[in-house]
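Chemist: Input file: structure00.tsv. Contents: TSV, N, CA and C atoms.
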chain	number	residue	atom	x	y	z
A	1	MET	N	-33.42	-20.95	-6.29
A	1	MET	CA	-34.33	-19.83	-6.14
A	1	MET	C	-33.62	-18.71	-5.40
A	2	CYS	N	-33.76	-17.48	-5.85
A	2	CYS	CA	-33.12	-16.33	-5.24
A	2	CYS	C	-34.10	-15.63	-4.29
A	3	ALA	N	-33.78	-15.65	-2.99
A	3	ALA	CA	-34.61	-14.98	-1.99
A	3	ALA	C	-33.72	-14.05	-1.18
A	4	GLU	N	-34.07	-12.78	-1.12
A	4	GLU	CA	-33.29	-11.78	-0.38
A	4	GLU	C	-33.20	-12.17	1.09
A	5	MET	N	-31.98	-12.14	1.66
A	5	MET	CA	-31.75	-12.45	3.07
A	5	MET	C	-31.63	-11.18	3.91
A	6	CYS	N	-31.33	-10.04	3.24
A	6	CYS	CA	-31.20	-8.76	3.94
A	6	CYS	C	-31.41	-7.64	2.94
A	7	SER	N	-31.67	-6.44	3.48
A	7	SER	CA	-31.83	-5.25	2.63
A	7	SER	C	-30.78	-4.20	2.95
A	8	HIS	N	-30.37	-4.15	4.23
A	8	HIS	CA	-29.42	-3.15	4.72
A	8	HIS	C	-28.44	-3.82	5.68
A	9	ASP	N	-27.31	-3.19	5.93
A	9	ASP	CA	-26.33	-3.72	6.89
A	9	ASP	C	-26.96	-3.91	8.27
A	10	SER	N	-27.91	-3.07	8.62
A	10	SER	CA	-28.55	-3.16	9.94
A	10	SER	C	-29.36	-4.45	10.09
A	11	ASP	N	-29.69	-5.13	9.00
A	11	ASP	CA	-30.39	-6.41	9.06
A	11	ASP	C	-29.46	-7.56	9.43
A	12	CYS	N	-28.15	-7.31	9.47
A	12	CYS	CA	-27.15	-8.36	9.68
A	12	CYS	C	-26.61	-8.35	11.10
A	13	PRO	N	-26.18	-9.53	11.61
A	13	PRO	CA	-25.61	-9.59	12.96
A	13	PRO	C	-24.18	-9.04	13.00
A	14	LYS	N	-23.76	-8.64	14.17
A	14	LYS	CA	-22.40	-8.17	14.44
A	14	LYS	C	-21.96	-7.14	13.41
A	15	ASP	N	-20.76	-7.33	12.83
A	15	ASP	CA	-20.24	-6.36	11.86
A	15	ASP	C	-20.44	-6.82	10.42
A	16	GLU	N	-21.30	-7.82	10.21
A	16	GLU	CA	-21.53	-8.31	8.87
A	16	GLU	C	-22.21	-7.25	8.01
A	17	LYS	N	-21.98	-7.35	6.69
A	17	LYS	CA	-22.53	-6.40	5.72
A	17	LYS	C	-23.55	-7.11	4.84
A	18	CYS	N	-24.54	-6.37	4.36
A	18	CYS	CA	-25.54	-6.90	3.43
A	18	CYS	C	-24.97	-6.74	2.02
A	19	CYS	N	-24.53	-7.86	1.42
A	19	CYS	CA	-23.85	-7.82	0.13
A	19	CYS	C	-24.56	-8.69	-0.89
A	20	ARG	N	-24.49	-8.26	-2.14
A	20	ARG	CA	-25.07	-9.05	-3.23
A	20	ARG	C	-24.08	-10.14	-3.61
A	21	ASN	N	-24.55	-11.37	-3.71
A	21	ASN	CA	-23.68	-12.49	-4.07
A	21	ASN	C	-23.86	-12.93	-5.52
A	22	GLY	N	-24.49	-12.11	-6.33
A	22	GLY	CA	-24.76	-12.44	-7.72
A	22	GLY	C	-26.20	-12.82	-7.94
A	23	CYS	N	-26.87	-13.26	-6.90
A	23	CYS	CA	-28.27	-13.66	-7.01
A	23	CYS	C	-29.12	-12.88	-6.01
A	24	VAL	N	-28.71	-12.90	-4.76
A	24	VAL	CA	-29.47	-12.25	-3.68
A	24	VAL	C	-28.53	-11.45	-2.79
A	25	HIS	N	-29.10	-10.66	-1.90
A	25	HIS	CA	-28.34	-9.99	-0.86
A	25	HIS	C	-28.29	-10.92	0.35
A	26	THR	N	-27.08	-11.16	0.88
A	26	THR	CA	-26.90	-11.99	2.07
A	26	THR	C	-25.96	-11.29	3.04
A	27	CYS	N	-26.05	-11.67	4.31
A	27	CYS	CA	-25.14	-11.12	5.32
A	27	CYS	C	-23.79	-11.80	5.17
A	28	THR	N	-22.73	-11.00	5.05
A	28	THR	CA	-21.39	-11.50	4.78
A	28	THR	C	-20.39	-10.80	5.67
A	29	ALA	N	-19.38	-11.54	6.15
A	29	ALA	CA	-18.31	-10.92	6.94
A	29	ALA	C	-17.60	-9.90	6.06
A	30	PRO	N	-17.30	-8.72	6.59
A	30	PRO	CA	-16.65	-7.70	5.77
A	30	PRO	C	-15.22	-8.09	5.41
A	31	TYR	N	-14.78	-7.65	4.23
A	31	TYR	CA	-13.40	-7.85	3.80
A	31	TYR	C	-12.51	-6.94	4.62
A	32	LYS	N	-11.41	-7.45	5.13
A	32	LYS	CA	-10.46	-6.64	5.90
A	32	LYS	C	-9.11	-6.70	5.21
A	33	ALA	N	-8.62	-5.55	4.79
A	33	ALA	CA	-7.30	-5.48	4.16
A	33	ALA	C	-6.23	-5.74	5.21
A	34	LYS	N	-5.13	-6.33	4.78
A	34	LYS	CA	-4.00	-6.56	5.67
A	34	LYS	C	-3.32	-5.23	5.94
A	35	PRO	N	-2.63	-5.10	7.08
A	35	PRO	CA	-1.93	-3.84	7.35
A	35	PRO	C	-0.77	-3.64	6.39
A	36	GLY	N	-0.34	-2.41	6.24
A	36	GLY	CA	0.78	-2.09	5.37
A	36	GLY	C	0.32	-1.38	4.12
A	37	VAL	N	1.28	-0.93	3.35
A	37	VAL	CA	1.01	-0.17	2.14
A	37	VAL	C	1.73	-0.85	0.98
A	38	CYS	N	1.08	-0.89	-0.18
A	38	CYS	CA	1.73	-1.46	-1.36
A	38	CYS	C	2.92	-0.59	-1.75
A	39	PRO	N	4.02	-1.21	-2.21
A	39	PRO	CA	5.15	-0.42	-2.68
A	39	PRO	C	4.76	0.38	-3.92
A	40	ASN	N	5.50	1.45	-4.20
A	40	ASN	CA	5.22	2.29	-5.36
A	40	ASN	C	5.54	1.60	-6.67
A	41	LYS	N	6.39	0.61	-6.62
A	41	LYS	CA	6.81	-0.03	-7.86
A	41	LYS	C	7.26	-1.46	-7.59
A	42	PHE	N	7.18	-2.28	-8.60
A	42	PHE	CA	7.81	-3.59	-8.60
A	42	PHE	C	7.90	-4.04	-10.04
A	43	PRO	N	8.84	-4.94	-10.37
A	43	PRO	CA	9.05	-5.31	-11.77
A	43	PRO	C	7.84	-6.00	-12.38
A	44	VAL	N	7.61	-5.75	-13.64
A	44	VAL	CA	6.52	-6.39	-14.39
A	44	VAL	C	7.12	-7.45	-15.29
A	45	LEU	N	6.61	-8.66	-15.19
A	45	LEU	CA	7.08	-9.75	-16.05
A	45	LEU	C	5.90	-10.23	-16.88
A	46	GLY	N	6.04	-10.27	-18.17
A	46	GLY	CA	4.99	-10.80	-19.03
A	46	GLY	C	3.87	-9.81	-19.28
A	47	LEU	N	2.71	-10.34	-19.64
A	47	LEU	CA	1.55	-9.53	-19.97
A	47	LEU	C	0.78	-9.11	-18.73
A	48	CYS	N	-0.04	-8.08	-18.88
A	48	CYS	CA	-0.89	-7.64	-17.76
A	48	CYS	C	-1.84	-8.77	-17.40
A	49	SER	N	-1.96	-9.06	-16.11
A	49	SER	CA	-2.83	-10.13	-15.65
A	49	SER	C	-3.17	-9.94	-14.19
A	50	GLU	N	-4.16	-10.67	-13.74
A	50	GLU	CA	-4.56	-10.66	-12.34
A	50	GLU	C	-4.01	-11.92	-11.68
A	51	LEU	N	-3.00	-11.79	-10.82
A	51	LEU	CA	-2.46	-12.93	-10.09
A	51	LEU	C	-3.11	-13.03	-8.71
A	52	CYS	N	-3.82	-11.96	-8.32
A	52	CYS	CA	-4.59	-11.94	-7.09
A	52	CYS	C	-5.69	-10.91	-7.26
A	53	VAL	N	-6.73	-11.00	-6.42
A	53	VAL	CA	-7.84	-10.04	-6.48
A	53	VAL	C	-7.80	-9.11	-5.28
A	54	ASP	N	-7.56	-9.66	-4.09
A	54	ASP	CA	-7.43	-8.84	-2.88
A	54	ASP	C	-6.45	-9.52	-1.92
A	55	ASP	N	-6.18	-8.88	-0.79
A	55	ASP	CA	-5.17	-9.36	0.16
A	55	ASP	C	-5.43	-10.79	0.63
A	56	SER	N	-6.69	-11.22	0.67
A	56	SER	CA	-7.00	-12.56	1.16
A	56	SER	C	-6.45	-13.65	0.23
A	57	ASP	N	-6.10	-13.29	-1.00
A	57	ASP	CA	-5.51	-14.25	-1.94
A	57	ASP	C	-4.01	-14.44	-1.69
A	58	CYS	N	-3.43	-13.65	-0.80
A	58	CYS	CA	-1.97	-13.64	-0.62
A	58	CYS	C	-1.56	-14.30	0.70
A	59	PRO	N	-0.39	-14.97	0.71
A	59	PRO	CA	0.09	-15.61	1.93
A	59	PRO	C	0.65	-14.61	2.94
A	60	LYS	N	0.62	-15.02	4.18
A	60	LYS	CA	1.21	-14.26	5.29
A	60	LYS	C	0.84	-12.79	5.23
A	61	ALA	N	1.82	-11.89	5.33
A	61	ALA	CA	1.56	-10.45	5.39
A	61	ALA	C	1.55	-9.79	4.01
A	62	GLU	N	1.71	-10.59	2.94
A	62	GLU	CA	1.75	-9.99	1.61
A	62	GLU	C	0.40	-9.37	1.25
A	63	LYS	N	0.46	-8.32	0.42
A	63	LYS	CA	-0.73	-7.61	-0.03
A	63	LYS	C	-0.89	-7.80	-1.53
A	64	CYS	N	-2.13	-7.73	-2.01
A	64	CYS	CA	-2.41	-7.80	-3.44
A	64	CYS	C	-2.23	-6.40	-4.00
A	65	CYS	N	-1.15	-6.16	-4.72
A	65	CYS	CA	-0.78	-4.81	-5.16
A	65	CYS	C	-0.76	-4.73	-6.69
A	66	SER	N	-1.07	-3.55	-7.20
A	66	SER	CA	-1.06	-3.31	-8.64
A	66	SER	C	-0.01	-2.28	-8.98
A	67	ASN	N	0.65	-2.46	-10.12
A	67	ASN	CA	1.56	-1.44	-10.62
A	67	ASN	C	0.96	-0.77	-11.86
A	68	GLY	N	-0.37	-0.90	-12.01
A	68	GLY	CA	-1.05	-0.33	-13.15
A	68	GLY	C	-1.27	-1.35	-14.26
A	69	CYS	N	-0.64	-2.49	-14.15
A	69	CYS	CA	-0.78	-3.54	-15.17
A	69	CYS	C	-1.05	-4.88	-14.51
A	70	VAL	N	-0.20	-5.29	-13.59
A	70	VAL	CA	-0.29	-6.59	-12.93
A	70	VAL	C	-0.68	-6.42	-11.47
A	71	ARG	N	-1.62	-7.25	-11.01
A	71	ARG	CA	-1.92	-7.33	-9.58
A	71	ARG	C	-1.28	-8.62	-9.10
A	72	LYS	N	-0.35	-8.50	-8.13
A	72	LYS	CA	0.30	-9.70	-7.62
A	72	LYS	C	0.60	-9.55	-6.14
A	73	CYS	N	0.80	-10.68	-5.47
A	73	CYS	CA	1.11	-10.68	-4.04
A	73	CYS	C	2.51	-10.12	-3.86
A	74	THR	N	2.62	-9.11	-2.97
A	74	THR	CA	3.86	-8.37	-2.79
A	74	THR	C	4.05	-8.05	-1.31
A	75	ALA	N	5.29	-8.11	-0.84
A	75	ALA	CA	5.57	-7.70	0.54
A	75	ALA	C	5.23	-6.23	0.70
A	76	PRO	N	4.56	-5.83	1.81
A	76	PRO	CA	4.20	-4.42	1.97
A	76	PRO	C	5.43	-3.54	2.13
A	77	TYR	N	5.28	-2.30	1.71
A	77	TYR	CA	6.34	-1.30	1.83
A	77	TYR	C	6.54	-0.98	3.31
A	78	LYS	N	7.79	-0.91	3.74
A	78	LYS	CA	8.11	-0.52	5.11
A	78	LYS	C	9.10	0.63	5.05
A	79	ALA	N	8.69	1.76	5.59
A	79	ALA	CA	9.58	2.92	5.64
A	79	ALA	C	10.71	2.64	6.62
A	80	LYS	N	11.85	3.19	6.36
A	80	LYS	CA	12.98	3.06	7.26
A	80	LYS	C	12.74	3.94	8.48
A	81	PRO	N	13.38	3.64	9.62
A	81	PRO	CA	13.18	4.46	10.80
A	81	PRO	C	13.74	5.87	10.62
A	82	GLY	N	13.27	6.78	11.45
A	82	GLY	CA	13.71	8.17	11.38
A	82	GLY	C	12.78	8.98	10.52
A	83	VAL	N	12.99	10.28	10.50
A	83	VAL	CA	12.19	11.18	9.69
A	83	VAL	C	13.10	12.00	8.80
A	84	CYS	N	12.54	12.54	7.74
A	84	CYS	CA	13.33	13.37	6.84
A	84	CYS	C	13.66	14.69	7.51
A	85	PRO	N	14.89	15.20	7.32
A	85	PRO	CA	15.23	16.51	7.86
A	85	PRO	C	14.37	17.57	7.18
A	86	LYS	N	14.19	18.71	7.85
A	86	LYS	CA	13.34	19.76	7.30
A	86	LYS	C	13.93	20.36	6.04
A	87	LYS	N	15.24	20.47	5.97
A	87	LYS	CA	15.89	21.05	4.80
A	87	LYS	C	17.15	20.28	4.47
A	88	PHE	N	17.47	20.23	3.21
A	88	PHE	CA	18.76	19.72	2.78
A	88	PHE	C	19.14	20.46	1.50
A	89	PRO	N	20.43	20.59	1.22
A	89	PRO	CA	20.86	21.36	0.06
A	89	PRO	C	20.35	20.77	-1.26
A	90	VAL	N	19.96	21.65	-2.17
A	90	VAL	CA	19.44	21.21	-3.46
A	90	VAL	C	20.18	21.91	-4.59
A	91	PRO	N	21.00	21.17	-5.32
A	91	PRO	CA	21.58	21.78	-6.51
A	91	PRO	C	20.69	21.48	-7.72
A	92	GLY	N	20.53	22.40	-8.64
A	92	GLY	CA	19.86	22.14	-9.91
A	92	GLY	C	18.35	22.18	-9.91
A	93	LEU	N	17.76	21.50	-10.89
A	93	LEU	CA	16.33	21.51	-11.15
A	93	LEU	C	15.58	20.51	-10.27
A	94	CYS	N	14.25	20.63	-10.23
A	94	CYS	CA	13.41	19.68	-9.50
A	94	CYS	C	13.44	18.34	-10.22
A	95	ILE	N	13.86	17.29	-9.51
A	95	ILE	CA	13.98	15.96	-10.09
A	95	ILE	C	13.68	14.90	-9.03
A	96	LYS	N	13.47	13.68	-9.48
A	96	LYS	CA	13.30	12.54	-8.58
A	96	LYS	C	14.53	11.66	-8.71
A	97	LEU	N	15.32	11.61	-7.65
A	97	LEU	CA	16.48	10.72	-7.63
A	97	LEU	C	16.12	9.42	-6.92
A	98	CYS	N	14.93	9.39	-6.29
A	98	CYS	CA	14.40	8.19	-5.65
A	98	CYS	C	12.88	8.31	-5.64
A	99	VAL	N	12.21	7.18	-5.39
A	99	VAL	CA	10.75	7.17	-5.29
A	99	VAL	C	10.32	6.89	-3.86
A	100	ASP	N	10.98	5.94	-3.19
A	100	ASP	CA	10.70	5.65	-1.79
A	100	ASP	C	11.98	5.11	-1.14
A	101	ASP	N	11.92	4.81	0.16
A	101	ASP	CA	13.10	4.40	0.92
A	101	ASP	C	13.82	3.19	0.33
A	102	THR	N	13.11	2.34	-0.39
A	102	THR	CA	13.75	1.14	-0.95
A	102	THR	C	14.79	1.49	-2.01
A	103	ASP	N	14.75	2.70	-2.55
A	103	ASP	CA	15.74	3.13	-3.53
A	103	ASP	C	17.03	3.62	-2.88
A	104	CYS	N	17.04	3.75	-1.56
A	104	CYS	CA	18.18	4.34	-0.86
A	104	CYS	C	19.04	3.29	-0.17
A	105	LEU	N	20.33	3.59	-0.06
A	105	LEU	CA	21.28	2.69	0.58
A	105	LEU	C	21.19	2.77	2.10
A	106	LYS	N	21.51	1.67	2.74
A	106	LYS	CA	21.60	1.56	4.19
A	106	LYS	C	20.42	2.25	4.87
A	107	ALA	N	20.66	3.19	5.78
A	107	ALA	CA	19.61	3.83	6.57
A	107	ALA	C	19.04	5.08	5.92
A	108	GLU	N	19.55	5.47	4.75
A	108	GLU	CA	19.07	6.69	4.11
A	108	GLU	C	17.59	6.57	3.76
A	109	LYS	N	16.90	7.73	3.76
A	109	LYS	CA	15.49	7.81	3.42
A	109	LYS	C	15.33	8.64	2.15
A	110	CYS	N	14.28	8.37	1.39
A	110	CYS	CA	13.95	9.15	0.21
A	110	CYS	C	13.14	10.36	0.68
A	111	CYS	N	13.73	11.54	0.62
A	111	CYS	CA	13.12	12.73	1.19
A	111	CYS	C	12.95	13.83	0.14
A	112	SER	N	11.95	14.68	0.37
A	112	SER	CA	11.67	15.78	-0.53
A	112	SER	C	11.84	17.10	0.21
A	113	ASN	N	12.34	18.10	-0.50
A	113	ASN	CA	12.38	19.44	0.07
A	113	ASN	C	11.34	20.31	-0.63
A	114	GLY	N	10.38	19.66	-1.31
A	114	GLY	CA	9.36	20.36	-2.05
A	114	GLY	C	9.70	20.44	-3.53
A	115	CYS	N	10.92	20.09	-3.88
A	115	CYS	CA	11.35	20.14	-5.28
A	115	CYS	C	12.05	18.85	-5.67
A	116	VAL	N	13.07	18.47	-4.93
A	116	VAL	CA	13.88	17.30	-5.26
A	116	VAL	C	13.58	16.17	-4.29
A	117	LEU	N	13.43	14.95	-4.83
A	117	LEU	CA	13.37	13.74	-4.01
A	117	LEU	C	14.73	13.10	-4.12
A	118	LYS	N	15.42	12.93	-2.97
A	118	LYS	CA	16.73	12.29	-3.00
A	118	LYS	C	17.00	11.58	-1.70
A	119	CYS	N	17.96	10.64	-1.72
A	119	CYS	CA	18.33	9.87	-0.54
A	119	CYS	C	19.19	10.73	0.37
A	120	VAL	N	18.77	10.84	1.64
A	120	VAL	CA	19.52	11.62	2.62
A	120	VAL	C	19.55	10.86	3.94
A	121	ALA	N	20.50	11.23	4.80
A	121	ALA	CA	20.59	10.64	6.13
A	121	ALA	C	19.36	11.07	6.93
A	122	PRO	N	18.67	10.14	7.63
A	122	PRO	CA	17.47	10.50	8.38
A	122	PRO	C	17.79	11.24	9.67
A	123	LYS	N	16.77	11.88	10.19
A	123	LYS	CA	16.82	12.56	11.49
A	123	LYS	C	16.19	11.61	12.48
A	124	TYR	N	16.85	11.33	13.61
A	124	TYR	CA	16.32	10.39	14.59
A	124	TYR	C	15.78	11.08	15.82
A	125	SER	N	16.20	12.32	16.08
A	125	SER	CA	15.68	13.04	17.25
A	125	SER	C	15.74	14.52	16.99
A	126	GLU	N	15.10	15.30	17.84
A	126	GLU	CA	15.07	16.75	17.70
A	126	GLU	C	16.47	17.37	17.88
A	127	ALA	N	17.36	16.66	18.58
A	127	ALA	CA	18.70	17.18	18.85
A	127	ALA	C	19.62	16.99	17.65
A	128	TRP	N	19.16	16.43	16.55
A	128	TRP	CA	19.99	16.11	15.40
A	128	TRP	C	20.48	17.31	14.68
Can you give me the file's structure in the form of structure tokens?

Modeler:
Amino acid sequence: MCAEMCSHDSDCPKDEKCCRNGCVHTCTAPYKAKPGVCPNKFPVLGLCSELCVDDSDCPKAEKCCSNGCVRKCTAPYKAKPGVCPKKFPVPGLCIKLCVDDTDCLKAEKCCSNGCVLKCVAPKYSEAW
């Protein structure tokens, strides 16, 4: 038998939310995403499929990330230390030579000057 347990979040204790479970509304602990950001890309193997639904399906610090086709457990993206310099020389047309820091060698960061994205040496302090 389906009997409503709550109508609004305010009907629930602590930080629980009033959620529909397919039959009734019940008080449920809220879903909390793991810290970090999904990488911009990762290789796709096989057909599009769901290997995870949300971060709780993934081990340790991995996140459930999508590349537009596959959702799978993936290590979160971590930016390299330092910041992009304000300006760097740009020859030619606006292009992407990198997408994020993982495309760059050693300590280089993927930086934009508003036109070109390319790997450059990072700035670590104002005195740089």

Chemist: List the neighbours of Ala29 in chain A out to 7 Å using only N, CA and C atoms; skip same-chain residues closer than 3 positions along the sequence, and give me the result as number ranges by chain.

Modeler: A: 15-17, 32

Chemist: Write to file, as a compact mmCIF listing (two decimals), in the coordinates of the input, the residues of the selection just made, with N, CA and C atoms.

Modeler:
# COMPACT_ATOMS: atom_id res chain seq x y z
N ASP A 15 -20.76 -7.33 12.83
CA ASP A 15 -20.24 -6.36 11.86
C ASP A 15 -20.44 -6.82 10.42
N GLU A 16 -21.30 -7.82 10.21
CA GLU A 16 -21.53 -8.31 8.87
C GLU A 16 -22.21 -7.25 8.01
N LYS A 17 -21.98 -7.35 6.69
CA LYS A 17 -22.53 -6.40 5.72
C LYS A 17 -23.55 -7.11 4.84
N LYS A 32 -11.41 -7.45 5.13
CA LYS A 32 -10.46 -6.64 5.90
C LYS A 32 -9.11 -6.70 5.21

Chemist: Can you tell me how far CA of Ser66 in chain A sits from CA of Leu105 in chain A, in Å to one decimal?

Modeler: 24.9 Å

Chemist: Which is closest to Ala107 in chain A among A:Lys80, A:Lys34, A:Lys63, A:Lys14, if we use all atoms listed in the file?

Modeler: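 Looking only at the distances to Ala107 in chain A, the closest residue turns out to be A:Lys80.
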
Chemist: Identify which of the residues A:Ala121, A:Cys104, A:Cys18, A:Leu51 lies closest to Pro85 in chain A, counting only N, CA and C atoms when measuring atom-to-atom distances.

Modeler: A:Ala121

Chemist: Do you know which residues are at most 6.5 Å from Asp54 in chain A counting all atoms listed in the file, after dropping those on the same chain fewer than 3 positions away, and could you put them as a short mmCIF file (atom, residue, chain, number, x, y, z; two decimals) with N, CA and C atoms, keeping the file's coordinate frame?

Modeler:
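To be explicit, this is the file written out as around03.cif:
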data_model
loop_
_atom_site.label_atom_id
_atom_site.label_comp_id
_atom_site.auth_asym_id
_atom_site.auth_seq_id
_atom_site.Cartn_x
_atom_site.Cartn_y
_atom_site.Cartn_z
N ASP A 57 -6.10 -13.29 -1.00
CA ASP A 57 -5.51 -14.25 -1.94
C ASP A 57 -4.01 -14.44 -1.69
N CYS A 58 -3.43 -13.65 -0.80
CA CYS A 58 -1.97 -13.64 -0.62
C CYS A 58 -1.56 -14.30 0.70
N LYS A 63 0.46 -8.32 0.42
CA LYS A 63 -0.73 -7.61 -0.03
C LYS A 63 -0.89 -7.80 -1.53
N CYS A 64 -2.13 -7.73 -2.01
CA CYS A 64 -2.41 -7.80 -3.44
C CYS A 64 -2.23 -6.40 -4.00
#

Chemist: Quick one, how far is CA of Glu50 in chain A from CA of Val37 in chain A?

Modeler: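 Atom-to-atom, CA of Glu50 in chain A and CA of Val37 in chain A are spaced 18.7 Å apart.
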
Chemist: Please report, as number ranges by chain, each residue of range 7-115 of chain A to which DSSP assigns strand (DSSP E or B) when run on this structure's backbone.

Modeler: A: 17-20, 25-28, 37, 50, 63-66, 71-74, 77, 83, 96, 109-112

Chemist: If you measure from atom N of Ala79 in chain A to atom N of Val99 in chain A, what distance in Å do you get, rounded to one decimal?

Modeler: 12.7 Å

Chemist: Determine, counting only N, CA and C atoms, which protein, DNA and RNA residues have an atom within 5 Å of an atom of range 113-117 of chain A; residues of the same chain fewer than 6 positions away are not included. Present the result as an NGL selection string.

Modeler: :A and (94-98)

Chemist: For Ala3 in chain A, which of A:Asn67, A:Thr74, A:His25, A:Glu62 is the closest residue, counting only C-alpha atoms?

Modeler: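 Ranking A:Asn67, A:Thr74, A:His25, A:Glu62 by distance to Ala3 in chain A, first place goes to A:His25.
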
Chemist: Within 6 Å of Cys38 in chain A, counting all atoms listed in the file, which residues show up once you throw out same-chain ones fewer than 5 positions away? Write them as an NGL selection string, please.

Modeler: :A and (65 or 76-77)

Chemist: Go through A:Glu4, A:Val70, A:Gly36, A:Asp103 and flag the residue nearest Asn21 in chain A, using only C-alpha atoms for the distances.

Modeler: A:Glu4

Chemist: Considering only helix (DSSP H, G or I) as DSSP defines it on the backbone, what residues of chain A qualify? List them as a VMD selection string.

Modeler: chain A and resid 9 to 11 55 to 57 101 to 103

Chemist: With all atoms of range 110-127 of chain A from the file as input, state the centre and edge lengths in Å to one decimal of the axis-aligned box that has 3 Å extra on each side, as lines of an AutoDock Vina configuration file.

Modeler:
center_x = 15.0
center_y = 14.4
center_z = 6.6
size_x = 17.2
size_y = 18.1
size_z = 30.5
